[in-house]
Amino acid sequence: MDENELVVTYNRDATNGLLLYDMTKKSVQELPTGLNTIDQCAMSRVSDTEFVVIGATLTAPEALYLIDIHKPTEKKLLKTSINVPLPSTIFSQAQTITFPRTHGDVGTPSHAVFIPPQNPDFEAPAGSKPPLIVFSHGGPTSHVSPGLSINAQYFTSRGYAYCYPNYAGSTGYGRDYRAQLDHHWGIKDVEDTISCVEYLASQGLIDGTKVGISGRSSGGYTTIQALCSFPKFFAAGVSLFGIGNLKALCEDDPHKFESQYANALVFPENATAEEKEKILFERSPCLHADRIESPLFLLQGDIDRVVPLEQSAEMERVLKGKGADVKMVVFEGEGHGFKMRENLKRAIEEEEGMWRRTLL
């Protein structure tokens, strides 16, 4: 802000916040803005006392705000990320939860963000529990914060519970928790996801027999790997440009910024070439697609350079060959992540169609 003061974003327990730091006094002051999800480092100084930031709250979607460090509770909304009027009564507030692992490192804690269904115009049948959609975040070492997500609200307003496991390796819970995924990608993320679902079912929050799993990119990898590793656990899966072949990912190094990133998550230190080949084979779900028993829906861009179309196409071929319930939709002109409005609309409607068929 000036030569003495900094405004800093932080991430604690996968929840973001803002601090005012005085470099002369070495003092730290929390800025109570109500924002709990901040778009990475999306901040810019306006004056010595004002700055703008992109963030979300429990009840408001991502937006651009002007904040005065002397009056942080009076943040000024400059521009919201949506221009469709939505009643606040329809929004379901996210809950951060900690649960014991029942798979893998049994008894140790893992974390998630849970959003129960909510719609004031509808009521579920007496005695029933809601179906659950589990969304595997990308990265895989990123995290999901509890700020209002319109994507999740699309489903919670339609009667589904929604959950984001911040599985082993997710940032926001300390270095040791982040390091838990090293050498174990495709194992611990899956185990934590299963443990999370079992916990929610044990608490009576969901119907454990009606659970779907979805994810994008590396979250799509966790999705497909979970379907391979626990073939009878999920009612269905949806993978959006999910990684199916770790060998191709590790060897091709699609981004300079992520060079060797996947290797550290997959291989133990000093692993031999033979050991690496075995690990890549075991953890590449496209090579074990025949294990999948649940319906699978694949959404894929035809010019994706990170996860080439061939990976999803091979998955579809194997599953169709065994007479499995599989469908793939290819979006022309889309890469790793969909951008075109009509494709975004179709993708979520197609996904909803899968859940309506398999979870309701």
# chains A, B, ... in the order shown; residues from 1 in each chain; ligands from 1
>>> select_by_dssp(residues="segment 202-299 of chain A", states="strand (DSSP E or B)", output="JSON, numbers by chain")
{"A": [211, 212, 213, 214, 215, 216, 236, 237, 238, 239, 240, 296, 297, 298, 299]}
>>> write_last_selection(atoms="all heavy atoms", output="mmCIF file, in the first residue's frame")
data_model
loop_
_atom_site.group_PDB
_atom_site.id
_atom_site.type_symbol
_atom_site.label_atom_id
_atom_site.label_comp_id
_atom_site.auth_asym_id
_atom_site.auth_seq_id
_atom_site.Cartn_x
_atom_site.Cartn_y
_atom_site.Cartn_z
ATOM 1 N N VAL A 211 -24.244 -42.099 -5.104
ATOM 2 C CA VAL A 211 -23.107 -41.170 -5.123
ATOM 3 C C VAL A 211 -22.474 -41.172 -6.499
ATOM 4 O O VAL A 211 -22.148 -42.234 -7.046
ATOM 5 C CB VAL A 211 -22.053 -41.557 -4.062
ATOM 6 C CG1 VAL A 211 -20.892 -40.565 -4.085
ATOM 7 C CG2 VAL A 211 -22.686 -41.608 -2.677
ATOM 8 N N GLY A 212 -22.307 -39.991 -7.059
ATOM 9 C CA GLY A 212 -21.604 -39.834 -8.329
ATOM 10 C C GLY A 212 -20.315 -39.067 -8.108
ATOM 11 O O GLY A 212 -20.174 -38.317 -7.143
ATOM 12 N N ILE A 213 -19.355 -39.252 -9.006
ATOM 13 C CA ILE A 213 -18.070 -38.570 -8.890
ATOM 14 C C ILE A 213 -17.724 -37.911 -10.213
ATOM 15 O O ILE A 213 -17.968 -38.475 -11.280
ATOM 16 C CB ILE A 213 -16.954 -39.555 -8.454
ATOM 17 C CG1 ILE A 213 -15.626 -38.808 -8.258
ATOM 18 C CG2 ILE A 213 -16.808 -40.722 -9.424
ATOM 19 C CD1 ILE A 213 -14.537 -39.658 -7.607
ATOM 20 N N SER A 214 -17.188 -36.692 -10.130
ATOM 21 C CA SER A 214 -16.799 -35.974 -11.341
ATOM 22 C C SER A 214 -15.533 -35.189 -11.081
ATOM 23 O O SER A 214 -15.099 -35.023 -9.937
ATOM 24 C CB SER A 214 -17.929 -35.034 -11.804
ATOM 25 O OG SER A 214 -18.063 -33.942 -10.901
ATOM 26 N N GLY A 215 -14.929 -34.687 -12.145
ATOM 27 C CA GLY A 215 -13.719 -33.883 -11.995
ATOM 28 C C GLY A 215 -13.189 -33.453 -13.343
ATOM 29 O O GLY A 215 -13.533 -34.023 -14.383
ATOM 30 N N ARG A 216 -12.361 -32.407 -13.302
ATOM 31 C CA ARG A 216 -11.752 -31.870 -14.513
ATOM 32 C C ARG A 216 -10.238 -32.041 -14.457
ATOM 33 O O ARG A 216 -9.638 -31.887 -13.398
ATOM 34 C CB ARG A 216 -12.083 -30.378 -14.666
ATOM 35 C CG ARG A 216 -13.563 -30.053 -14.638
ATOM 36 C CD ARG A 216 -13.791 -28.571 -14.887
ATOM 37 N NE ARG A 216 -15.200 -28.225 -14.748
ATOM 38 C CZ ARG A 216 -15.697 -27.442 -13.793
ATOM 39 N NH1 ARG A 216 -14.871 -26.904 -12.907
ATOM 40 N NH2 ARG A 216 -16.983 -27.180 -13.728
ATOM 41 N N ALA A 236 -22.094 -43.592 -10.739
ATOM 42 C CA ALA A 236 -21.695 -43.120 -12.060
ATOM 43 C C ALA A 236 -20.525 -42.165 -11.916
ATOM 44 O O ALA A 236 -20.217 -41.688 -10.813
ATOM 45 C CB ALA A 236 -22.859 -42.420 -12.769
ATOM 46 N N GLY A 237 -19.881 -41.872 -13.035
ATOM 47 C CA GLY A 237 -18.774 -40.923 -13.048
ATOM 48 C C GLY A 237 -18.823 -40.035 -14.269
ATOM 49 O O GLY A 237 -19.296 -40.446 -15.339
ATOM 50 N N VAL A 238 -18.344 -38.799 -14.110
ATOM 51 C CA VAL A 238 -18.255 -37.848 -15.219
ATOM 52 C C VAL A 238 -16.846 -37.273 -15.224
ATOM 53 O O VAL A 238 -16.412 -36.674 -14.227
ATOM 54 C CB VAL A 238 -19.281 -36.706 -15.079
ATOM 55 C CG1 VAL A 238 -19.082 -35.680 -16.186
ATOM 56 C CG2 VAL A 238 -20.702 -37.250 -15.112
ATOM 57 N N SER A 239 -16.129 -37.463 -16.305
ATOM 58 C CA SER A 239 -14.772 -36.957 -16.443
ATOM 59 C C SER A 239 -14.727 -35.884 -17.525
ATOM 60 O O SER A 239 -15.076 -36.138 -18.679
ATOM 61 C CB SER A 239 -13.801 -38.091 -16.801
ATOM 62 O OG SER A 239 -12.531 -37.560 -17.148
ATOM 63 N N LEU A 240 -14.308 -34.682 -17.129
ATOM 64 C CA LEU A 240 -14.138 -33.594 -18.091
ATOM 65 C C LEU A 240 -12.650 -33.448 -18.373
ATOM 66 O O LEU A 240 -11.861 -33.100 -17.491
ATOM 67 C CB LEU A 240 -14.707 -32.281 -17.536
ATOM 68 C CG LEU A 240 -16.222 -32.256 -17.296
ATOM 69 C CD1 LEU A 240 -16.551 -32.686 -15.862
ATOM 70 C CD2 LEU A 240 -16.790 -30.868 -17.549
ATOM 71 N N LEU A 296 -20.111 -44.269 -17.244
ATOM 72 C CA LEU A 296 -19.082 -43.232 -17.340
ATOM 73 C C LEU A 296 -19.403 -42.295 -18.491
ATOM 74 O O LEU A 296 -19.732 -42.733 -19.601
ATOM 75 C CB LEU A 296 -17.700 -43.855 -17.555
ATOM 76 C CG LEU A 296 -16.540 -42.872 -17.771
ATOM 77 C CD1 LEU A 296 -16.339 -41.978 -16.554
ATOM 78 C CD2 LEU A 296 -15.253 -43.628 -18.096
ATOM 79 N N PHE A 297 -19.312 -41.005 -18.222
ATOM 80 C CA PHE A 297 -19.559 -39.972 -19.219
ATOM 81 C C PHE A 297 -18.273 -39.163 -19.391
ATOM 82 O O PHE A 297 -17.710 -38.665 -18.414
ATOM 83 C CB PHE A 297 -20.706 -39.069 -18.756
ATOM 84 C CG PHE A 297 -21.146 -38.046 -19.764
ATOM 85 C CD1 PHE A 297 -21.027 -38.270 -21.123
ATOM 86 C CD2 PHE A 297 -21.696 -36.847 -19.347
ATOM 87 C CE1 PHE A 297 -21.432 -37.327 -22.045
ATOM 88 C CE2 PHE A 297 -22.111 -35.891 -20.252
ATOM 89 C CZ PHE A 297 -21.980 -36.136 -21.610
ATOM 90 N N LEU A 298 -17.799 -39.053 -20.625
ATOM 91 C CA LEU A 298 -16.551 -38.364 -20.935
ATOM 92 C C LEU A 298 -16.838 -37.115 -21.764
ATOM 93 O O LEU A 298 -17.514 -37.191 -22.786
ATOM 94 C CB LEU A 298 -15.610 -39.287 -21.718
ATOM 95 C CG LEU A 298 -15.265 -40.630 -21.059
ATOM 96 C CD1 LEU A 298 -14.701 -41.601 -22.094
ATOM 97 C CD2 LEU A 298 -14.260 -40.419 -19.934
ATOM 98 N N LEU A 299 -16.325 -35.962 -21.311
ATOM 99 C CA LEU A 299 -16.438 -34.719 -22.073
ATOM 100 C C LEU A 299 -15.032 -34.261 -22.416
ATOM 101 O O LEU A 299 -14.166 -34.166 -21.534
ATOM 102 C CB LEU A 299 -17.171 -33.643 -21.262
ATOM 103 C CG LEU A 299 -18.635 -33.947 -20.937
ATOM 104 C CD1 LEU A 299 -18.749 -34.557 -19.541
ATOM 105 C CD2 LEU A 299 -19.485 -32.696 -21.015
#
>>> residues_around(residues="Phe338 of chain A", least_positions_apart="2", cutoff="12 Å", atoms="only C-alpha atoms", output="list in words")
Arg216, Ser217, Leu240, Phe241, Leu299, Gln300, Gly301, Asp302, Ile303, Asp304, Val330, Phe331, Glu332, Gly333, Glu334, Gly335, His336, Met340, Arg341, Glu342, Asn343, Leu344, Lys345, Arg346, Ala347 and Ile348 of chain A
>>> select_by_dssp(residues="segment 14-190 of chain A", states="helix (DSSP H, G or I)", output="JSON, numbers by chain")
{"A": [72, 73, 74, 88, 89, 90, 150, 151, 152, 153, 154, 155, 156, 175, 176, 177, 178, 179, 188, 189, 190]}
>>> closest_atom_pairs(of="segment 48-120 of chain A", to="segment 11-33 of chain A", cutoff="7 Å", atoms="only C-alpha atoms", output="CSV")
residue,atom,partner,partner_atom,distance
A:Pro72,CA,A:Thr33,CA,5.3
A:Thr73,CA,A:Thr33,CA,5.0
A:Lys75,CA,A:Thr33,CA,6.7
>>> atom_distance(atom1="atom CA of Asp176 of chain A", atom2="atom CA of Gln203 of chain A")
27.6 Å
>>> closest_residue(among="A:Val266, A:Val197, A:Ala126, A:Leu249", to="Lys210 of chain A", atoms="only C-alpha atoms")
A:Val197
>>> residues_around(residues="Leu287 of chain A", least_positions_apart="4", cutoff="10 Å", atoms="only C-alpha atoms", output="JSON list (two decimals) with all heavy atoms, in the first residue's frame")
[["chain", "number", "residue", "atom", "x", "y", "z"],
["A", 228, "CYS", "N", -11.95, -47.14, -11.30],
["A", 228, "CYS", "CA", -11.17, -48.36, -11.53],
["A", 228, "CYS", "C", -10.85, -49.08, -10.21],
["A", 228, "CYS", "O", -10.91, -50.30, -10.12],
["A", 228, "CYS", "CB", -9.86, -48.04, -12.25],
["A", 228, "CYS", "SG", -10.03, -47.60, -13.99],
["A", 244, "GLY", "N", -6.00, -39.77, -18.46],
["A", 244, "GLY", "CA", -6.17, -41.21, -18.44],
["A", 244, "GLY", "C", -4.86, -41.97, -18.52],
["A", 244, "GLY", "O", -4.78, -43.14, -18.12],
["A", 245, "ASN", "N", -3.81, -41.31, -19.01],
["A", 245, "ASN", "CA", -2.54, -41.99, -19.24],
["A", 245, "ASN", "C", -1.42, -41.20, -18.57],
["A", 245, "ASN", "O", -0.98, -40.16, -19.08],
["A", 245, "ASN", "CB", -2.27, -42.12, -20.74],
["A", 245, "ASN", "CG", -1.10, -43.04, -21.05],
["A", 245, "ASN", "OD1", -0.12, -43.06, -20.31],
["A", 245, "ASN", "ND2", -1.19, -43.78, -22.14],
["A", 280, "LEU", "N", 3.61, -46.43, -13.58],
["A", 280, "LEU", "CA", 2.82, -45.77, -14.62],
["A", 280, "LEU", "C", 1.74, -46.70, -15.17],
["A", 280, "LEU", "O", 0.63, -46.26, -15.47],
["A", 280, "LEU", "CB", 3.75, -45.31, -15.75],
["A", 280, "LEU", "CG", 4.67, -44.13, -15.41],
["A", 280, "LEU", "CD1", 5.63, -43.87, -16.56],
["A", 280, "LEU", "CD2", 3.86, -42.88, -15.09],
["A", 281, "PHE", "N", 2.08, -47.97, -15.31],
["A", 281, "PHE", "CA", 1.08, -48.93, -15.79],
["A", 281, "PHE", "C", -0.03, -49.10, -14.77],
["A", 281, "PHE", "O", -1.22, -49.06, -15.11],
["A", 281, "PHE", "CB", 1.75, -50.28, -16.06],
["A", 281, "PHE", "CG", 0.77, -51.36, -16.45],
["A", 281, "PHE", "CD1", 0.28, -51.43, -17.74],
["A", 281, "PHE", "CD2", 0.34, -52.29, -15.52],
["A", 281, "PHE", "CE1", -0.64, -52.41, -18.11],
["A", 281, "PHE", "CE2", -0.56, -53.28, -15.88],
["A", 281, "PHE", "CZ", -1.06, -53.33, -17.16],
["A", 282, "GLU", "N", 0.33, -49.26, -13.50],
["A", 282, "GLU", "CA", -0.67, -49.51, -12.46],
["A", 282, "GLU", "C", -1.60, -48.33, -12.26],
["A", 282, "GLU", "O", -2.77, -48.51, -11.94],
["A", 282, "GLU", "CB", 0.04, -49.85, -11.15],
["A", 282, "GLU", "CG", 0.74, -51.19, -11.14],
["A", 282, "GLU", "CD", 1.52, -51.43, -9.87],
["A", 282, "GLU", "OE1", 1.75, -50.45, -9.12],
["A", 282, "GLU", "OE2", 1.92, -52.59, -9.62],
["A", 283, "ARG", "N", -1.10, -47.10, -12.47],
["A", 283, "ARG", "CA", -1.89, -45.91, -12.14],
["A", 283, "ARG", "C", -2.41, -45.17, -13.37],
["A", 283, "ARG", "O", -2.84, -44.02, -13.27],
["A", 283, "ARG", "CB", -1.07, -44.96, -11.27],
["A", 283, "ARG", "CG", -0.70, -45.57, -9.94],
["A", 283, "ARG", "CD", -0.23, -44.52, -8.97],
["A", 283, "ARG", "NE", 0.80, -45.04, -8.09],
["A", 283, "ARG", "CZ", 1.59, -44.29, -7.35],
["A", 283, "ARG", "NH1", 1.48, -42.98, -7.38],
["A", 283, "ARG", "NH2", 2.52, -44.84, -6.58],
["A", 291, "ARG", "N", -11.96, -52.49, -15.85],
["A", 291, "ARG", "CA", -12.38, -52.70, -14.47],
["A", 291, "ARG", "C", -13.62, -51.88, -14.11],
["A", 291, "ARG", "O", -14.30, -52.17, -13.14],
["A", 291, "ARG", "CB", -11.26, -52.32, -13.51],
["A", 291, "ARG", "CG", -9.97, -53.14, -13.65],
["A", 291, "ARG", "CD", -8.93, -52.60, -12.67],
["A", 291, "ARG", "NE", -7.65, -53.27, -12.83],
["A", 291, "ARG", "CZ", -6.52, -52.87, -12.21],
["A", 291, "ARG", "NH1", -6.56, -51.81, -11.42],
["A", 291, "ARG", "NH2", -5.39, -53.51, -12.40],
["A", 311, "GLN", "N", -6.89, -40.18, -25.49],
["A", 311, "GLN", "CA", -7.00, -40.84, -24.18],
["A", 311, "GLN", "C", -8.45, -41.15, -23.84],
["A", 311, "GLN", "O", -8.78, -42.26, -23.40],
["A", 311, "GLN", "CB", -6.37, -39.96, -23.10],
["A", 311, "GLN", "CG", -4.86, -39.86, -23.20],
["A", 311, "GLN", "CD", -4.23, -39.32, -21.92],
["A", 311, "GLN", "OE1", -4.78, -39.46, -20.83],
["A", 311, "GLN", "NE2", -3.07, -38.71, -22.05],
["A", 314, "GLU", "N", -9.82, -43.84, -26.33],
["A", 314, "GLU", "CA", -9.40, -45.19, -25.99],
["A", 314, "GLU", "C", -10.22, -45.75, -24.85],
["A", 314, "GLU", "O", -10.63, -46.92, -24.85],
["A", 314, "GLU", "CB", -7.91, -45.20, -25.63],
["A", 314, "GLU", "CG", -7.37, -46.54, -25.15],
["A", 314, "GLU", "CD", -7.43, -47.63, -26.22],
["A", 314, "GLU", "OE1", -7.55, -47.30, -27.41],
["A", 314, "GLU", "OE2", -7.35, -48.82, -25.84],
["A", 315, "MET", "N", -10.51, -44.91, -23.86],
["A", 315, "MET", "CA", -11.35, -45.33, -22.74],
["A", 315, "MET", "C", -12.73, -45.74, -23.25],
["A", 315, "MET", "O", -13.28, -46.77, -22.84],
["A", 315, "MET", "CB", -11.49, -44.17, -21.75],
["A", 315, "MET", "CG", -12.10, -44.53, -20.43],
["A", 315, "MET", "SD", -10.90, -45.06, -19.21],
["A", 315, "MET", "CE", -9.89, -43.60, -19.08],
["A", 318, "VAL", "N", -12.58, -49.20, -25.14],
["A", 318, "VAL", "CA", -12.45, -50.36, -24.26],
["A", 318, "VAL", "C", -13.77, -50.67, -23.57],
["A", 318, "VAL", "O", -14.21, -51.82, -23.52],
["A", 318, "VAL", "CB", -11.35, -50.11, -23.21],
["A", 318, "VAL", "CG1", -11.36, -51.21, -22.16],
["A", 318, "VAL", "CG2", -9.98, -50.03, -23.88]]
>>> residues_around(residues="segment 320-322 of chain A", least_positions_apart="2", cutoff="12 Å", atoms="only C-alpha atoms", output="list of chain:residue names")
A:Ala289, A:Asp290, A:Arg291, A:Ile292, A:Glu293, A:Pro295, A:Leu296, A:Ala313, A:Glu314, A:Met315, A:Glu316, A:Arg317, A:Val318, A:Ala324, A:Asp325, A:Val326, A:Lys327, A:Met328
>>> closest_residue(among="A:Arg158, A:Glu350, A:Arg175, A:Ser88", to="Ala124 of chain A", atoms="only C-alpha atoms")
A:Arg158
>>> atom_distance(atom1="atom CA of Ala179 of chain A", atom2="atom CA of Gln260 of chain A")
15.5 Å
>>> atom_distance(atom1="atom CA of Ile206 of chain A", atom2="atom CA of Ser128 of chain A")
8.8 Å
>>> residues_around(residues="Ser195 of chain A", least_positions_apart="5", cutoff="7 Å", atoms="only C-alpha atoms", output="PyMOL selection string")
chain A and resi 101-103
>>> write_last_selection(atoms="N, CA, C and O atoms", output="JSON list (two decimals), in the first residue's frame")
[["chain", "number", "residue", "atom", "x", "y", "z"],
["A", 101, "ARG", "N", -9.96, -40.78, 8.23],
["A", 101, "ARG", "CA", -9.78, -41.68, 7.09],
["A", 101, "ARG", "C", -10.17, -43.11, 7.47],
["A", 101, "ARG", "O", -9.78, -43.60, 8.53],
["A", 102, "THR", "N", -10.92, -43.74, 6.58],
["A", 102, "THR", "CA", -11.26, -45.15, 6.75],
["A", 102, "THR", "C", -10.52, -46.02, 5.73],
["A", 102, "THR", "O", -10.67, -47.24, 5.72],
["A", 103, "HIS", "N", -9.75, -45.38, 4.87],
["A", 103, "HIS", "CA", -8.90, -46.08, 3.89],
["A", 103, "HIS", "C", -7.54, -45.40, 3.90],
["A", 103, "HIS", "O", -7.41, -44.22, 4.17]]
>>> closest_residue(among="A:Leu205, A:Ile115, A:Ala63, A:Cys196", to="Leu77 of chain A", atoms="only C-alpha atoms")
A:Ala63
>>> closest_residue(among="A:Leu35, A:Val134, A:Cys163, A:Ala235", to="Ala94 of chain A", atoms="only C-alpha atoms")
A:Cys163
>>> closest_residue(among="A:Lys188, A:Glu3, A:His111, A:Lys247", to="Gly172 of chain A", atoms="only C-alpha atoms")
A:His111
>>> decode(residues="segment 239-287 of chain A", atoms="C-alpha atoms", output="PDB file, in the first residue's frame")
ATOM      1  CA  SER A 239     -14.772 -36.957 -16.443  1.00  0.00           C
ATOM      2  CA  LEU A 240     -14.138 -33.594 -18.091  1.00  0.00           C
ATOM      3  CA  PHE A 241     -10.881 -33.778 -20.062  1.00  0.00           C
ATOM      4  CA  GLY A 242      -9.539 -36.099 -17.374  1.00  0.00           C
ATOM      5  CA  ILE A 243      -6.029 -37.553 -17.522  1.00  0.00           C
ATOM      6  CA  GLY A 244      -6.165 -41.214 -18.443  1.00  0.00           C
ATOM      7  CA  ASN A 245      -2.540 -41.987 -19.238  1.00  0.00           C
ATOM      8  CA  LEU A 246       0.108 -40.946 -16.693  1.00  0.00           C
ATOM      9  CA  LYS A 247       2.916 -42.243 -18.881  1.00  0.00           C
ATOM     10  CA  ALA A 248       2.052 -39.770 -21.617  1.00  0.00           C
ATOM     11  CA  LEU A 249       1.657 -36.967 -19.072  1.00  0.00           C
ATOM     12  CA  CYS A 250       4.999 -37.593 -17.366  1.00  0.00           C
ATOM     13  CA  GLU A 251       6.954 -38.087 -20.556  1.00  0.00           C
ATOM     14  CA  ASP A 252       5.473 -35.282 -22.643  1.00  0.00           C
ATOM     15  CA  ASP A 253       5.813 -32.478 -20.031  1.00  0.00           C
ATOM     16  CA  PRO A 254       3.143 -30.272 -21.662  1.00  0.00           C
ATOM     17  CA  HIS A 255       3.999 -27.135 -19.630  1.00  0.00           C
ATOM     18  CA  LYS A 256       7.436 -25.707 -18.837  1.00  0.00           C
ATOM     19  CA  PHE A 257       5.995 -24.381 -15.588  1.00  0.00           C
ATOM     20  CA  GLU A 258       4.947 -27.905 -14.554  1.00  0.00           C
ATOM     21  CA  SER A 259       8.077 -29.673 -15.751  1.00  0.00           C
ATOM     22  CA  GLN A 260       8.764 -32.697 -13.501  1.00  0.00           C
ATOM     23  CA  TYR A 261       5.726 -31.790 -11.375  1.00  0.00           C
ATOM     24  CA  ALA A 262       3.869 -35.023 -12.113  1.00  0.00           C
ATOM     25  CA  ASN A 263       7.019 -37.090 -11.643  1.00  0.00           C
ATOM     26  CA  ALA A 264       7.370 -35.934  -8.032  1.00  0.00           C
ATOM     27  CA  LEU A 265       3.748 -36.875  -7.354  1.00  0.00           C
ATOM     28  CA  VAL A 266       4.068 -40.333  -8.879  1.00  0.00           C
ATOM     29  CA  PHE A 267       7.577 -41.725  -8.386  1.00  0.00           C
ATOM     30  CA  PRO A 268       9.473 -42.421  -5.151  1.00  0.00           C
ATOM     31  CA  GLU A 269      12.938 -40.918  -4.982  1.00  0.00           C
ATOM     32  CA  ASN A 270      15.609 -42.994  -6.691  1.00  0.00           C
ATOM     33  CA  ALA A 271      13.032 -45.227  -8.400  1.00  0.00           C
ATOM     34  CA  THR A 272      14.544 -47.368 -11.154  1.00  0.00           C
ATOM     35  CA  ALA A 273      13.329 -47.226 -14.746  1.00  0.00           C
ATOM     36  CA  GLU A 274      11.654 -50.597 -14.271  1.00  0.00           C
ATOM     37  CA  GLU A 275       9.888 -49.431 -11.113  1.00  0.00           C
ATOM     38  CA  LYS A 276       8.679 -46.283 -12.873  1.00  0.00           C
ATOM     39  CA  GLU A 277       7.234 -48.296 -15.758  1.00  0.00           C
ATOM     40  CA  LYS A 278       5.348 -50.511 -13.313  1.00  0.00           C
ATOM     41  CA  ILE A 279       3.914 -47.518 -11.427  1.00  0.00           C
ATOM     42  CA  LEU A 280       2.822 -45.773 -14.622  1.00  0.00           C
ATOM     43  CA  PHE A 281       1.084 -48.932 -15.786  1.00  0.00           C
ATOM     44  CA  GLU A 282      -0.667 -49.510 -12.465  1.00  0.00           C
ATOM     45  CA  ARG A 283      -1.893 -45.910 -12.143  1.00  0.00           C
ATOM     46  CA  SER A 284      -2.970 -45.202 -15.717  1.00  0.00           C
ATOM     47  CA  PRO A 285      -6.727 -45.813 -15.721  1.00  0.00           C
ATOM     48  CA  CYS A 286      -6.921 -45.938 -19.514  1.00  0.00           C
ATOM     49  CA  LEU A 287      -4.967 -49.215 -19.272  1.00  0.00           C
TER      50      LEU A 287
END
